[in-house]
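Have a look at the structure below, then the notes.
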Amino acid sequence: MSQDLVRLSISGAVGIITVDNPPVNALSPGVPEGILNGVQVFNATDDVKAIVLIGANGKFIAGADIRFFGKERAKLPMRPQDALEQSNKPVVAAISGFALGGGYEMALGCHYRVALSNARVGLPEVTLGLLPGGGGTQRLPRLIGPAKALDLIVSGRHVPAPEAYGLGMLNKIFPAGSDLQAEAVHYANSIADLRPIPRIRNMKDEVKKGTPELFEAKRKEIARRARNQEAPYVCIEAVEVACKTQIDDGLKWEGDKLRYLENTDESRALRYAFFAEREAQKLPDVPKGTPIKPITNAAVIGCGTMGGGIAMCFADAGIPVKVLEASQEALDKGMAKVRANYETSVKRGSLAADEMERRFARIEPVTEYDAIAQQDVVIEAVFENMDVKKEIFTKLDAVMKPGAMLLSNTSALDIDEIASATKRPQDVAGAHFFSPANVMKLLEVVKGKESSGEIVASTMALGKIIGKAPAATGNCDGFLANRSRAPFNSEMVILLEEGATPQQVDKVMVDFGYPMGPFAVGDLAGLDIGYAGRARRAAADPNYRTLPIADKLYEMGHYGQKTGAGWFKYEPGDRTPHPHDVVDQLIKEHMEANNIESREITDDEILKRLLFSSVNEACKILEEGIAYRASDVDIMWLYGFGFPRYRGGLMFWADLIGGPQEVYSQISSWHQRYGERWRPSEYLRKLAESGTIFKDAKAGS
Ligand code: 3H9
C-alpha cells in the first residue's frame with residue numbers, strides 16, 4: 001500500500017518523496033511507512049545527494065488521519081520524522097496548500113522548509129483536544145523559541161506562509177503559482193553539500209528562554225476560555241518540558257501525553273465536531289454535481305441589526321453588497337450602526353483602519369428595488385411579520401433577474417408561505433443568520449418544499465464563501481435551531497417558578513462551558529424578542545405553556561440591557577449583570593399565588609432540565625424528517641448558541657452522559673411529575689430501546 005500512497009522518484013542528484021493520499025494527504029496507514037521507506041532508500045542510493053519531501057495535488061500533508069485516533073496504530077521501527085531528521089543527506093520539505101499537525105511535524109523533522117506564499121502551516125492539534133504528538137512540541141520551541149511556539153501550539157492557528165517565514169518556521173518562500181517541485185529541487189541542490197546538516201534536535205539556544213513566568217502568564221491568559229479542558233494546559237506543559245529536558249526524553253513525554261489525550265471525552269468530542277461540520281455539507285437529497293450559482297454581488301433588504309450585520313458578512317468576504325431600506329432615514333441610521341460596529345473593531349485592534357474603509361465602501365445604501373435587480377443573491381432581513389415579508393418577496397419576484405437567489409433571514413416563519421408570494425418558489429430558501437450576524441458562525445439553510453437542489457446547495461456554498469458554518473434543515477416553526485432550543489428557553493423560566501434564580505441558572509450554564517448564561521444572553525438580545533414569539537405561539541396554540549414571570553417582566557418595561565434592566569440590573573455603561581430585587585419579588589409572588597413550595601434545585605437538575613428538554617425536541621425534529629441527522633443539531637448548537645465545542649454538541653453530550661436510555665428514563669419521570677410538556681418523543685423511545693446512540697441517529701429512522 002505504501003507504494004501507492006508515497007511515490008519515490010529522482011531528479012538529477014535529488015531524491016523526491018511524494019505523498020499522494022487524497023483528499024488532503026493525511027498520514028493514514030501506509031503513509032508514514034512510505035516516508036520512512038523513502039528516507040532509507042535515498043540514504044542508500046549513492047547518486048542521491050539531497051532529498052525533497054513534497055505532497056501531490058498542491059497539498060503537503062494535513063496531519064495525522066483523524067479517523068484513527070483512539071484506535072490501535074501500527075508500530076514502526078522508527079518514526080518517519082525522526083528518520084528524516086537523522087538522514088545523512090539533507091532533506092527539504094516543500095510545502096504547498098497546508099502543512100498541519102503531523103504534516104508540519106514531518107517538515108520539522110526535515111532540515112529545511114520551503115513553501116509557496118499561499119501555503120499555511122501550523123499545529124492545530126489542540127483544536128482536536130490533543131497535543132502535537134509527532135515531535136512538534138519539542139522541535140518547534142527549539143526552532144523559534146518557546147514564546148512563539150506557545151502561541152502557535154496553544155491557539156492551534158493556521159499561519160500564512162509569509163508570517164511563518166517571519167517567525168522562523170520556514171527557510172524560504174516562493175511566489176504562489178511557482179513550480180514548487182522544480183524550485184525545491186533547485187534549493188536542495190544548493191544546500192546539498194552544506195555541513196553540518198541543521199537538525200533541530202541540535203539547536204539549544206532558543207529553549208533557554210523558557211522562564212517559569214512565561215508559562216504562568218500563558219496559563220492565566222487561557223484560564224477563562226480553556227476552562228473544563230485539558231489539552232491547552234498539556235500543550236503549555238509540553239513546551240515547558242522542551243525547555244527543561246533533553247529532546248529524547250521530551251519526545252517520549254509528548255508521545256505518552258498524546259496517547260492519554262486521544263482517549264479523553266474532550267478529544268472525542270472535538271474530533272466528532274470536526275467531522276460533524278464536514279458531514280453537514282452533505283445533502284442526501286441533493287444530487288452530487290448539482291450546479292452552484294456564482295455569487296459576485298449581493299443585496300440585503302433591511303438595514304436593522306440583522307440586515308446591517310449580514311451586509312457586513314458580504315463586505316468582509318470582499319463581495320459588494322447593496323442594502324435597501326424604504327426610507328433614507330432608516331438607511332442612514334442603519335449605515336451609521338454598521339460603521340460604528342466596524343469602528344469598534346478598529347478600536348479593539350482587530351481591524352486595520354484602512355481595511356475598515358475598504359469594507360465599508362463595499363456596502364452601498366439604496367432605496368429603490370430597481371437598484372438591486374441585477375444582484376446574484378438577495379437576503380431579506382426585515383422584522384418577523386409574514387405580511388411584510390410576502391410583500392417584499394412579491395416585489396423581489398417582479399424585479400430580480402432570472403435565476404437570482406431569493407433568501408429570507410426569517411428565524412421561524414413558514415418559508416413555503418414566503419415563497420408562495422413569488423412565481424419562482426424553486427429559487428427561494430431560508431438563510432437564517434444568528435445575532436450578531438457578522439460574528440456568529442452558524443448559517444441555518446432552510447429548504448422549502450419547492451426549493452430546488454440548486455438553491456439549497458448554492459445557499460450552503462454561499463455560507464462557506466462568507467466564512468460561516470452552514471447546516472441545512474427542513475421547514476417548520478423555528479426550523480431546526482430555534483425549535484430545538486425553544487424548550488430550553490421555556491424550561492429556564494419554569495425553573496424560576498419553582499424557586500431557582502437567574503443567577504443560579506446562569507452560573508450552572510457558564511460552569512458547563514457556555515460563554516454567557518442564558519438569562520444574561522436574553523438581556524443582551526432583548527426580552528422583547530421572546531415576548532413577541534411567545535405571544536404568536538400562544539395565539540396559535542391553546543395548549544401553549546405560557547411563561548407568566550417572563551411576560552410580567554417584559555410588561556414592566558424590563559427589555560434587557562437596552563433599558564438597564566431585564567433578568568438582571570445593569571449600571572449605566574456597564575454590561576455586568578447584577579441580581580435584581582424585582583425579579584426575586586416576581587418569583588416570590590408567583591410561588592405564593594400558585595402555592596409552590598420552595599425546594600432546593602440542584603445544579604444537575606438545572607443542567608439536565610434545560611438540555612434534555614431540547615434533546616427531546618430534537619428527536620421530534622429528526623422523527624419528522626426535518627433534520628437530516630443528529631450531528632446537524634450539534635453543529636447548530638455549537639455555532640448558533642455557543643454550546644461548548646469540547647462537549648461535541650447537544651446530542652453528542654447526551655451520548656456522553658448515558659445516551660438515549662438515560663435521557664428517556666429521566667424524561668419519563670419528569671413526564672409523570674410535570675405532565676405533557678415532558679412527554680418523551682416516540683423517536684427517543686425507539687432509540688433507547690434499540691440501543692442506538694444519538695450520534696448515529698438519522699432523519700426518521
Ligand atoms: C495530528 O496531526 C496529530 C499529530 O500530532 C500526531 C502525530 C503524527 N484526517 O476540511 P475539508 C477530510 S492531528 C482525516 O472539507 P478543506 C475531511 O473530513 C491532525 N480526514 O477540506 C473531508 O472529508 P470528506 C492535525 C481529514 O480544503 C476532506 O478531508 N491536522 C483530515 O476545506 C476534505 O476536508 C488538522 O487538524 C485529517 N487530518 O480544508 C487538520 N483533514 O470530504 C485538519 C481533512 O469525506 N484538516 N480530512 O468530508 C483541516 O483543517 C482541513 O481539512 C484542511 C483542508 C485545512 C486541511
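We name chains A, B, ... following the order of the C-alpha cells; residues begin at 1 in each chain, and ligands are numbered from 1 as shown.
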Using only C-alpha atoms and all ligand atoms, what does the table of chain A residues within 6 Å of ligand 1 look like, with each row giving the shortest atom pair and its distance in Å to one decimal, sorted by chain and ascending number, as a Markdown table?
| residue | atom | partner | partner_atom_place_in_ligand_line | distance |
| --- | --- | --- | --- | --- |
| A:Pro23 | CA | ligand 1 | 29 (O) | 5.4 |
| A:Val24 | CA | ligand 1 | 29 (O) | 5.5 |
| A:Ala26 | CA | ligand 1 | 38 (N) | 5.2 |
| A:Ala62 | CA | ligand 1 | 56 (C) | 4.8 |
| A:Gly63 | CA | ligand 1 | 2 (O) | 3.6 |
| A:Ala64 | CA | ligand 1 | 2 (O) | 3.7 |
| A:Asp65 | CA | ligand 1 | 9 (N) | 3.5 |
| A:Ile66 | CA | ligand 1 | 9 (N) | 4.0 |
| A:Arg67 | CA | ligand 1 | 14 (C) | 5.6 |
| A:Leu100 | CA | ligand 1 | 30 (N) | 5.0 |
| A:Gly101 | CA | ligand 1 | 2 (O) | 3.7 |
| A:Gly102 | CA | ligand 1 | 2 (O) | 3.6 |
| A:Pro124 | CA | ligand 1 | 36 (O) | 5.1 |
| A:Glu125 | CA | ligand 1 | 13 (S) | 4.9 |
| A:Pro132 | CA | ligand 1 | 5 (O) | 3.6 |
| A:Gly133 | CA | ligand 1 | 5 (O) | 3.9 |
| A:Gly134 | CA | ligand 1 | 7 (C) | 3.9 |
| A:Phe275 | CA | ligand 1 | 18 (O) | 5.6 |
| A:Arg278 | CA | ligand 1 | 48 (O) | 4.8 |
| A:Glu279 | CA | ligand 1 | 48 (O) | 5.9 |
Just-selected residues, N, CA, C and O atoms written as a tab-separated table (two decimals), in the first residue's frame:
chain	number	residue	atom	x	y	z
A	23	PRO	N	-8.06	12.99	0.09
A	23	PRO	CA	-8.09	14.34	-0.48
A	23	PRO	C	-7.07	15.32	0.11
A	23	PRO	O	-6.80	16.33	-0.50
A	24	VAL	N	-6.49	15.02	1.29
A	24	VAL	CA	-5.65	16.05	1.93
A	24	VAL	C	-4.26	15.55	2.30
A	24	VAL	O	-3.54	16.19	3.04
A	26	ALA	N	-3.43	13.09	4.25
A	26	ALA	CA	-3.29	12.80	5.68
A	26	ALA	C	-2.35	11.60	5.86
A	26	ALA	O	-2.11	10.84	4.92
A	62	ALA	N	-1.95	17.16	5.63
A	62	ALA	CA	-2.88	17.81	6.57
A	62	ALA	C	-2.77	17.26	7.98
A	62	ALA	O	-3.58	17.61	8.84
A	63	GLY	N	-1.81	16.37	8.24
A	63	GLY	CA	-1.64	15.85	9.59
A	63	GLY	C	-2.02	14.39	9.69
A	63	GLY	O	-2.29	13.72	8.67
A	64	ALA	N	-2.06	13.90	10.92
A	64	ALA	CA	-2.46	12.52	11.15
A	64	ALA	C	-3.87	12.32	10.60
A	64	ALA	O	-4.63	13.28	10.49
A	65	ASP	N	-4.20	11.09	10.28
A	65	ASP	CA	-5.57	10.79	9.85
A	65	ASP	C	-6.44	10.74	11.10
A	65	ASP	O	-6.31	9.83	11.93
A	66	ILE	N	-7.32	11.74	11.23
A	66	ILE	CA	-8.05	11.94	12.49
A	66	ILE	C	-8.97	10.75	12.81
A	66	ILE	O	-9.29	10.50	13.96
A	67	ARG	N	-9.35	10.03	11.76
A	67	ARG	CA	-10.27	8.89	11.99
A	67	ARG	C	-9.63	7.78	12.82
A	67	ARG	O	-10.30	6.92	13.36
A	100	LEU	N	-0.10	20.82	8.22
A	100	LEU	CA	-0.73	20.99	9.53
A	100	LEU	C	-0.45	19.78	10.41
A	100	LEU	O	-0.34	18.64	9.93
A	101	GLY	N	-0.40	20.03	11.71
A	101	GLY	CA	-0.25	18.93	12.67
A	101	GLY	C	0.93	18.04	12.29
A	101	GLY	O	2.05	18.51	12.05
A	102	GLY	N	0.64	16.72	12.22
A	102	GLY	CA	1.68	15.77	11.86
A	102	GLY	C	2.36	16.12	10.54
A	102	GLY	O	3.51	15.72	10.30
A	124	PRO	N	-2.49	22.45	14.73
A	124	PRO	CA	-3.84	22.66	15.26
A	124	PRO	C	-4.34	21.56	16.19
A	124	PRO	O	-5.53	21.52	16.50
A	125	GLU	N	-3.46	20.68	16.65
A	125	GLU	CA	-3.92	19.53	17.43
A	125	GLU	C	-4.78	19.92	18.62
A	125	GLU	O	-5.72	19.21	18.99
A	132	PRO	N	0.40	18.28	19.81
A	132	PRO	CA	1.18	17.76	18.69
A	132	PRO	C	2.02	16.60	19.20
A	132	PRO	O	2.80	16.77	20.14
A	133	GLY	N	1.83	15.43	18.60
A	133	GLY	CA	2.48	14.25	19.16
A	133	GLY	C	3.53	13.66	18.25
A	133	GLY	O	4.03	12.57	18.49
A	134	GLY	N	3.88	14.40	17.21
A	134	GLY	CA	4.91	13.91	16.28
A	134	GLY	C	6.18	14.72	16.40
A	134	GLY	O	6.86	14.97	15.42
A	275	PHE	N	-15.69	16.32	12.23
A	275	PHE	CA	-16.33	15.57	11.14
A	275	PHE	C	-17.81	15.97	10.99
A	275	PHE	O	-18.33	15.99	9.87
A	278	ARG	N	-18.15	18.77	8.63
A	278	ARG	CA	-17.99	18.38	7.23
A	278	ARG	C	-19.19	17.56	6.74
A	278	ARG	O	-19.63	17.72	5.62
A	279	GLU	N	-19.73	16.75	7.63
A	279	GLU	CA	-20.91	15.95	7.29
A	279	GLU	C	-22.08	16.88	6.95
A	279	GLU	O	-22.89	16.59	6.06
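Using only C-alpha atoms, the contacts of Pro320 of chain A at a cut-off of 10 Å, with sequence neighbours closer than 2 positions omitted, comprise Thr296, Asn297, Ala298, Ala299, Ala311, Met312, Phe314, Ala315, Asp316, Ala317, Gly318, Lys322, Arg359, Phe360, Ala361, Arg362, Ile363, Glu364 and Gln375 of chain A.
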Now that the selection is made, can you save its residues with N, CA and C atoms as a PDB file, in the first residue's frame?
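Final output, saved to again.pdb:
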ATOM      1  N   THR A 296     -21.232  37.107  -7.297  1.00  0.00           N
ATOM      2  CA  THR A 296     -20.239  38.185  -7.437  1.00  0.00           C
ATOM      3  C   THR A 296     -20.703  39.440  -6.713  1.00  0.00           C
ATOM      4  N   ASN A 297     -21.995  39.498  -6.419  1.00  0.00           N
ATOM      5  CA  ASN A 297     -22.517  40.656  -5.686  1.00  0.00           C
ATOM      6  C   ASN A 297     -23.800  40.241  -4.979  1.00  0.00           C
ATOM      7  N   ALA A 298     -24.279  41.101  -4.076  1.00  0.00           N
ATOM      8  CA  ALA A 298     -25.415  40.694  -3.240  1.00  0.00           C
ATOM      9  C   ALA A 298     -26.260  41.906  -2.874  1.00  0.00           C
ATOM     10  N   ALA A 299     -27.438  41.612  -2.323  1.00  0.00           N
ATOM     11  CA  ALA A 299     -28.281  42.683  -1.779  1.00  0.00           C
ATOM     12  C   ALA A 299     -28.899  42.196  -0.481  1.00  0.00           C
ATOM     13  N   ALA A 311     -24.990  42.397   5.811  1.00  0.00           N
ATOM     14  CA  ALA A 311     -24.243  43.166   4.805  1.00  0.00           C
ATOM     15  C   ALA A 311     -22.745  43.148   5.143  1.00  0.00           C
ATOM     16  N   MET A 312     -22.435  43.251   6.420  1.00  0.00           N
ATOM     17  CA  MET A 312     -21.013  43.213   6.835  1.00  0.00           C
ATOM     18  C   MET A 312     -20.376  41.868   6.463  1.00  0.00           C
ATOM     19  N   PHE A 314     -20.952  40.036   3.862  1.00  0.00           N
ATOM     20  CA  PHE A 314     -20.558  40.091   2.453  1.00  0.00           C
ATOM     21  C   PHE A 314     -19.339  40.996   2.285  1.00  0.00           C
ATOM     22  N   ALA A 315     -19.416  42.185   2.888  1.00  0.00           N
ATOM     23  CA  ALA A 315     -18.313  43.149   2.740  1.00  0.00           C
ATOM     24  C   ALA A 315     -17.008  42.553   3.264  1.00  0.00           C
ATOM     25  N   ASP A 316     -17.095  41.829   4.370  1.00  0.00           N
ATOM     26  CA  ASP A 316     -15.889  41.225   4.959  1.00  0.00           C
ATOM     27  C   ASP A 316     -15.298  40.174   4.024  1.00  0.00           C
ATOM     28  N   ALA A 317     -16.185  39.533   3.234  1.00  0.00           N
ATOM     29  CA  ALA A 317     -15.709  38.487   2.322  1.00  0.00           C
ATOM     30  C   ALA A 317     -15.313  39.071   0.963  1.00  0.00           C
ATOM     31  N   GLY A 318     -15.331  40.399   0.842  1.00  0.00           N
ATOM     32  CA  GLY A 318     -14.895  41.035  -0.402  1.00  0.00           C
ATOM     33  C   GLY A 318     -15.984  41.104  -1.462  1.00  0.00           C
ATOM     34  N   LYS A 322     -25.493  45.670  -1.829  1.00  0.00           N
ATOM     35  CA  LYS A 322     -26.374  46.838  -1.727  1.00  0.00           C
ATOM     36  C   LYS A 322     -27.361  46.586  -0.595  1.00  0.00           C
ATOM     37  N   ARG A 359     -13.830  47.832   3.477  1.00  0.00           N
ATOM     38  CA  ARG A 359     -15.030  47.019   3.699  1.00  0.00           C
ATOM     39  C   ARG A 359     -16.294  47.881   3.658  1.00  0.00           C
ATOM     40  N   PHE A 360     -16.218  49.005   4.348  1.00  0.00           N
ATOM     41  CA  PHE A 360     -17.396  49.874   4.417  1.00  0.00           C
ATOM     42  C   PHE A 360     -17.790  50.340   3.012  1.00  0.00           C
ATOM     43  N   ALA A 361     -16.772  50.587   2.170  1.00  0.00           N
ATOM     44  CA  ALA A 361     -17.043  51.081   0.815  1.00  0.00           C
ATOM     45  C   ALA A 361     -17.747  50.025  -0.042  1.00  0.00           C
ATOM     46  N   ARG A 362     -17.674  48.755   0.375  1.00  0.00           N
ATOM     47  CA  ARG A 362     -18.353  47.703  -0.413  1.00  0.00           C
ATOM     48  C   ARG A 362     -19.864  47.678  -0.150  1.00  0.00           C
ATOM     49  N   ILE A 363     -20.308  48.428   0.870  1.00  0.00           N
ATOM     50  CA  ILE A 363     -21.746  48.422   1.205  1.00  0.00           C
ATOM     51  C   ILE A 363     -22.388  49.682   0.634  1.00  0.00           C
ATOM     52  N   GLU A 364     -23.293  49.458  -0.298  1.00  0.00           N
ATOM     53  CA  GLU A 364     -23.913  50.621  -0.954  1.00  0.00           C
ATOM     54  C   GLU A 364     -25.373  50.749  -0.510  1.00  0.00           C
ATOM     55  N   GLN A 375     -28.535  41.912  -8.890  1.00  0.00           N
ATOM     56  CA  GLN A 375     -27.671  41.228  -7.908  1.00  0.00           C
ATOM     57  C   GLN A 375     -27.875  39.712  -8.009  1.00  0.00           C
TER      58      GLN A 375
END
Give me, as CSV, each residue of segment 475-524 of chain A that comes within 12 Å of segment 421-439 of chain A, together with its shortest interatomic pair and the distance in Å at one decimal, counting only C-alpha atoms, with rows ordered by chain and rising residue number.
residue,atom,partner,partner_atom,distance
A:Asn475,CA,A:Gly430,CA,8.8
A:Cys476,CA,A:Gly430,CA,11.3
A:Gly478,CA,A:His432,CA,10.2
A:Phe479,CA,A:His432,CA,9.4
A:Leu480,CA,A:His432,CA,10.6
A:Ala481,CA,A:His432,CA,9.5
A:Asn482,CA,A:Phe434,CA,10.1
A:Val521,CA,A:Ser435,CA,10.8
A:Gly522,CA,A:Ser435,CA,11.7
A:Leu524,CA,A:Ser435,CA,10.3
Inset, instruction - Find the spatial neighbours of Ile601 of chain A, counting only C-alpha atoms, within a cut-off of 12 Å - ignore same-chain residues fewer than 2 positions away - and output them as number ranges by chain. - result: A: 495-501, 504-505, 508, 597-599, 603-609
Inset, instruction - Find the residues near segment 73-87 of chain A: any atom within 6 Å, counting only C-alpha atoms, skip ones fewer than 4 places away on the same chain, and give them as number ranges by chain. - result: A: 32, 36, 106, 109-110
Legend entry - Which of segment 276-383 of chain A fall in strand (DSSP E), as number ranges by chain: A: 298-301, 321-324, 363-366, 377-380
Residues of the last selection are to be written out with all heavy atoms, as an mmCIF file, in the first residue's frame.
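Okay, this is what ended up in result-v6.cif:
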data_model
loop_
_atom_site.group_PDB
_atom_site.id
_atom_site.type_symbol
_atom_site.label_atom_id
_atom_site.label_comp_id
_atom_site.auth_asym_id
_atom_site.auth_seq_id
_atom_site.Cartn_x
_atom_site.Cartn_y
_atom_site.Cartn_z
ATOM 1 N N ALA A 298 -24.279 41.101 -4.076
ATOM 2 C CA ALA A 298 -25.415 40.694 -3.240
ATOM 3 C C ALA A 298 -26.260 41.906 -2.874
ATOM 4 O O ALA A 298 -25.848 43.057 -3.088
ATOM 5 C CB ALA A 298 -24.893 40.024 -1.975
ATOM 6 N N ALA A 299 -27.438 41.612 -2.323
ATOM 7 C CA ALA A 299 -28.281 42.683 -1.779
ATOM 8 C C ALA A 299 -28.899 42.196 -0.481
ATOM 9 O O ALA A 299 -29.110 40.996 -0.295
ATOM 10 C CB ALA A 299 -29.386 43.042 -2.769
ATOM 11 N N VAL A 300 -29.153 43.138 0.415
ATOM 12 C CA VAL A 300 -29.830 42.811 1.668
ATOM 13 C C VAL A 300 -31.005 43.776 1.807
ATOM 14 O O VAL A 300 -30.849 44.981 1.586
ATOM 15 C CB VAL A 300 -28.871 42.961 2.881
ATOM 16 C CG1 VAL A 300 -29.609 42.673 4.177
ATOM 17 C CG2 VAL A 300 -27.672 42.048 2.739
ATOM 18 N N ILE A 301 -32.181 43.235 2.138
ATOM 19 C CA ILE A 301 -33.341 44.111 2.353
ATOM 20 C C ILE A 301 -33.462 44.357 3.848
ATOM 21 O O ILE A 301 -33.632 43.418 4.620
ATOM 22 C CB ILE A 301 -34.656 43.451 1.873
ATOM 23 C CG1 ILE A 301 -34.514 42.861 0.488
ATOM 24 C CG2 ILE A 301 -35.818 44.434 1.958
ATOM 25 C CD1 ILE A 301 -34.385 43.833 -0.616
ATOM 26 N N VAL A 321 -22.074 44.713 -1.812
ATOM 27 C CA VAL A 321 -23.450 44.432 -1.387
ATOM 28 C C VAL A 321 -24.250 45.735 -1.327
ATOM 29 O O VAL A 321 -23.740 46.763 -0.876
ATOM 30 C CB VAL A 321 -23.451 43.679 -0.021
ATOM 31 C CG1 VAL A 321 -22.674 44.432 1.059
ATOM 32 C CG2 VAL A 321 -24.861 43.394 0.468
ATOM 33 N N LYS A 322 -25.493 45.670 -1.829
ATOM 34 C CA LYS A 322 -26.374 46.838 -1.727
ATOM 35 C C LYS A 322 -27.361 46.586 -0.595
ATOM 36 O O LYS A 322 -27.895 45.482 -0.475
ATOM 37 C CB LYS A 322 -27.135 47.039 -3.029
ATOM 38 C CG LYS A 322 -26.207 47.348 -4.206
ATOM 39 C CD LYS A 322 -26.985 47.674 -5.456
ATOM 40 C CE LYS A 322 -26.011 47.962 -6.592
ATOM 41 N NZ LYS A 322 -26.677 48.393 -7.814
ATOM 42 N N VAL A 323 -27.593 47.611 0.210
ATOM 43 C CA VAL A 323 -28.542 47.466 1.312
ATOM 44 C C VAL A 323 -29.728 48.365 1.039
ATOM 45 O O VAL A 323 -29.555 49.560 0.779
ATOM 46 C CB VAL A 323 -27.909 47.897 2.653
ATOM 47 C CG1 VAL A 323 -28.807 47.488 3.795
ATOM 48 C CG2 VAL A 323 -26.576 47.278 2.825
ATOM 49 N N LEU A 324 -30.911 47.773 1.094
ATOM 50 C CA LEU A 324 -32.099 48.540 0.728
ATOM 51 C C LEU A 324 -32.989 48.803 1.937
ATOM 52 O O LEU A 324 -33.274 47.886 2.719
ATOM 53 C CB LEU A 324 -32.882 47.757 -0.335
ATOM 54 C CG LEU A 324 -34.073 48.471 -0.966
ATOM 55 C CD1 LEU A 324 -34.191 48.069 -2.436
ATOM 56 C CD2 LEU A 324 -35.379 48.175 -0.259
ATOM 57 N N ILE A 363 -20.308 48.428 0.870
ATOM 58 C CA ILE A 363 -21.746 48.422 1.205
ATOM 59 C C ILE A 363 -22.388 49.682 0.634
ATOM 60 O O ILE A 363 -22.040 50.793 1.028
ATOM 61 C CB ILE A 363 -21.955 48.370 2.738
ATOM 62 C CG1 ILE A 363 -21.161 47.198 3.336
ATOM 63 C CG2 ILE A 363 -23.430 48.248 3.079
ATOM 64 C CD1 ILE A 363 -21.239 47.085 4.849
ATOM 65 N N GLU A 364 -23.293 49.458 -0.298
ATOM 66 C CA GLU A 364 -23.913 50.621 -0.954
ATOM 67 C C GLU A 364 -25.373 50.749 -0.510
ATOM 68 O O GLU A 364 -26.181 49.851 -0.761
ATOM 69 C CB GLU A 364 -23.851 50.436 -2.483
ATOM 70 C CG GLU A 364 -24.406 51.623 -3.237
ATOM 71 C CD GLU A 364 -24.513 51.339 -4.740
ATOM 72 O OE1 GLU A 364 -23.845 50.415 -5.245
ATOM 73 O OE2 GLU A 364 -25.291 52.037 -5.403
ATOM 74 N N PRO A 365 -25.708 51.863 0.146
ATOM 75 C CA PRO A 365 -27.105 52.033 0.564
ATOM 76 C C PRO A 365 -27.982 52.443 -0.624
ATOM 77 O O PRO A 365 -27.582 53.314 -1.400
ATOM 78 C CB PRO A 365 -27.031 53.157 1.602
ATOM 79 C CG PRO A 365 -25.718 53.837 1.381
ATOM 80 C CD PRO A 365 -24.832 52.961 0.580
ATOM 81 N N VAL A 366 -29.143 51.816 -0.776
ATOM 82 C CA VAL A 366 -30.073 52.193 -1.855
ATOM 83 C C VAL A 366 -31.500 52.203 -1.296
ATOM 84 O O VAL A 366 -31.780 51.558 -0.283
ATOM 85 C CB VAL A 366 -29.999 51.213 -3.062
ATOM 86 C CG1 VAL A 366 -28.620 51.204 -3.698
ATOM 87 C CG2 VAL A 366 -30.407 49.795 -2.658
ATOM 88 N N VAL A 377 -27.671 37.529 -5.514
ATOM 89 C CA VAL A 377 -28.383 36.986 -4.362
ATOM 90 C C VAL A 377 -28.972 38.144 -3.566
ATOM 91 O O VAL A 377 -28.356 39.200 -3.450
ATOM 92 C CB VAL A 377 -27.446 36.126 -3.468
ATOM 93 C CG1 VAL A 377 -26.192 36.860 -3.079
ATOM 94 C CG2 VAL A 377 -28.159 35.643 -2.205
ATOM 95 N N VAL A 378 -30.178 37.928 -3.041
ATOM 96 C CA VAL A 378 -30.753 38.939 -2.157
ATOM 97 C C VAL A 378 -31.229 38.233 -0.879
ATOM 98 O O VAL A 378 -31.808 37.153 -0.942
ATOM 99 C CB VAL A 378 -31.901 39.723 -2.857
ATOM 100 C CG1 VAL A 378 -32.966 38.808 -3.427
ATOM 101 C CG2 VAL A 378 -32.542 40.720 -1.888
ATOM 102 N N ILE A 379 -30.929 38.854 0.250
ATOM 103 C CA ILE A 379 -31.376 38.297 1.533
ATOM 104 C C ILE A 379 -32.309 39.299 2.204
ATOM 105 O O ILE A 379 -31.900 40.433 2.485
ATOM 106 C CB ILE A 379 -30.183 37.990 2.462
ATOM 107 C CG1 ILE A 379 -29.219 37.022 1.762
ATOM 108 C CG2 ILE A 379 -30.682 37.403 3.784
ATOM 109 C CD1 ILE A 379 -28.061 36.565 2.620
ATOM 110 N N GLU A 380 -33.529 38.872 2.410
ATOM 111 C CA GLU A 380 -34.493 39.733 3.104
ATOM 112 C C GLU A 380 -34.241 39.598 4.607
ATOM 113 O O GLU A 380 -34.137 38.482 5.132
ATOM 114 C CB GLU A 380 -35.904 39.291 2.695
ATOM 115 C CG GLU A 380 -37.024 39.794 3.554
ATOM 116 C CD GLU A 380 -37.219 38.941 4.797
ATOM 117 O OE1 GLU A 380 -37.311 37.698 4.684
ATOM 118 O OE2 GLU A 380 -37.245 39.535 5.887
#
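Every protein, DNA or RNA residue with an atom at most 12 Å from Asn21 of chain A, where only C-alpha atoms count and chain neighbours fewer than 6 positions away do not, is listed here: A:Met1, A:Ser2, A:Gln3, A:Asp4, A:Leu5, A:Val6, A:Arg7, A:Leu27, A:Ser28, A:Pro29, A:Gly30, A:Val31, A:Pro32, A:Gly34, A:Ile54, A:Gly55, A:Ala56, A:Asn57, A:Gly58, A:Lys59, A:Phe60, A:Ile61, A:Ala62, A:Gly63, A:Ala64, A:Asp65.
Among A:Gly453, A:Pro232, A:Pro548, A:Gly129, the residue with the shortest atom-to-atom distance to Leu152 of chain A, counting only C-alpha atoms, is A:Pro232.
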Inset, instruction - Work out how far apart atom CA of Gln503 of chain A and atom CA of Asp581 of chain A are and give it in Å to one decimal. - result: 12.1 Å
Inset, instruction - Run DSSP on the backbone and grab whatever in segment 537-620 of chain A lands in helix (DSSP H, G or I); send it over as a ChimeraX atom specification. - result: /A:537-540,548-555,561-563,581-593,603-620
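Closest approach to Lys172 of chain A from the set A:Leu547, A:Met651, A:Val92, A:Ala223 is made by A:Val92, with distances taken over only C-alpha atoms.
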Inset, instruction - Mind checking which residues fall within 6 Å of Gly304 of chain A, counting only C-alpha atoms, ignoring those fewer than 3 positions away in the same chain, and posting them as a count of residues only? - result: 3
Inset, instruction - Within 10 Å of segment 216-219 of chain A, counting only C-alpha atoms, which residues show up once you throw out same-chain ones fewer than 6 positions away? Write them as number ranges by chain, please. - result: A: 147, 150-151, 154, 226, 232-233, 236-237
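Closest approach to Glu417 of chain A among A:Glu555, A:Asp387, A:Asp265, A:Glu221: A:Asp387, based on only C-alpha atoms.
Comparing the minimum interatomic distances between Lys333 of chain A and each of A:Met356, A:Gly302, A:Pro644, A:Gln672, counting only C-alpha atoms, we find that A:Gly302 sits nearest.
You can rank A:Gly97, A:Pro162, A:Pro402, A:Gly566 by their closest distance to Ser117 of chain A using only C-alpha atoms, and at the top of that list sits A:Pro162.
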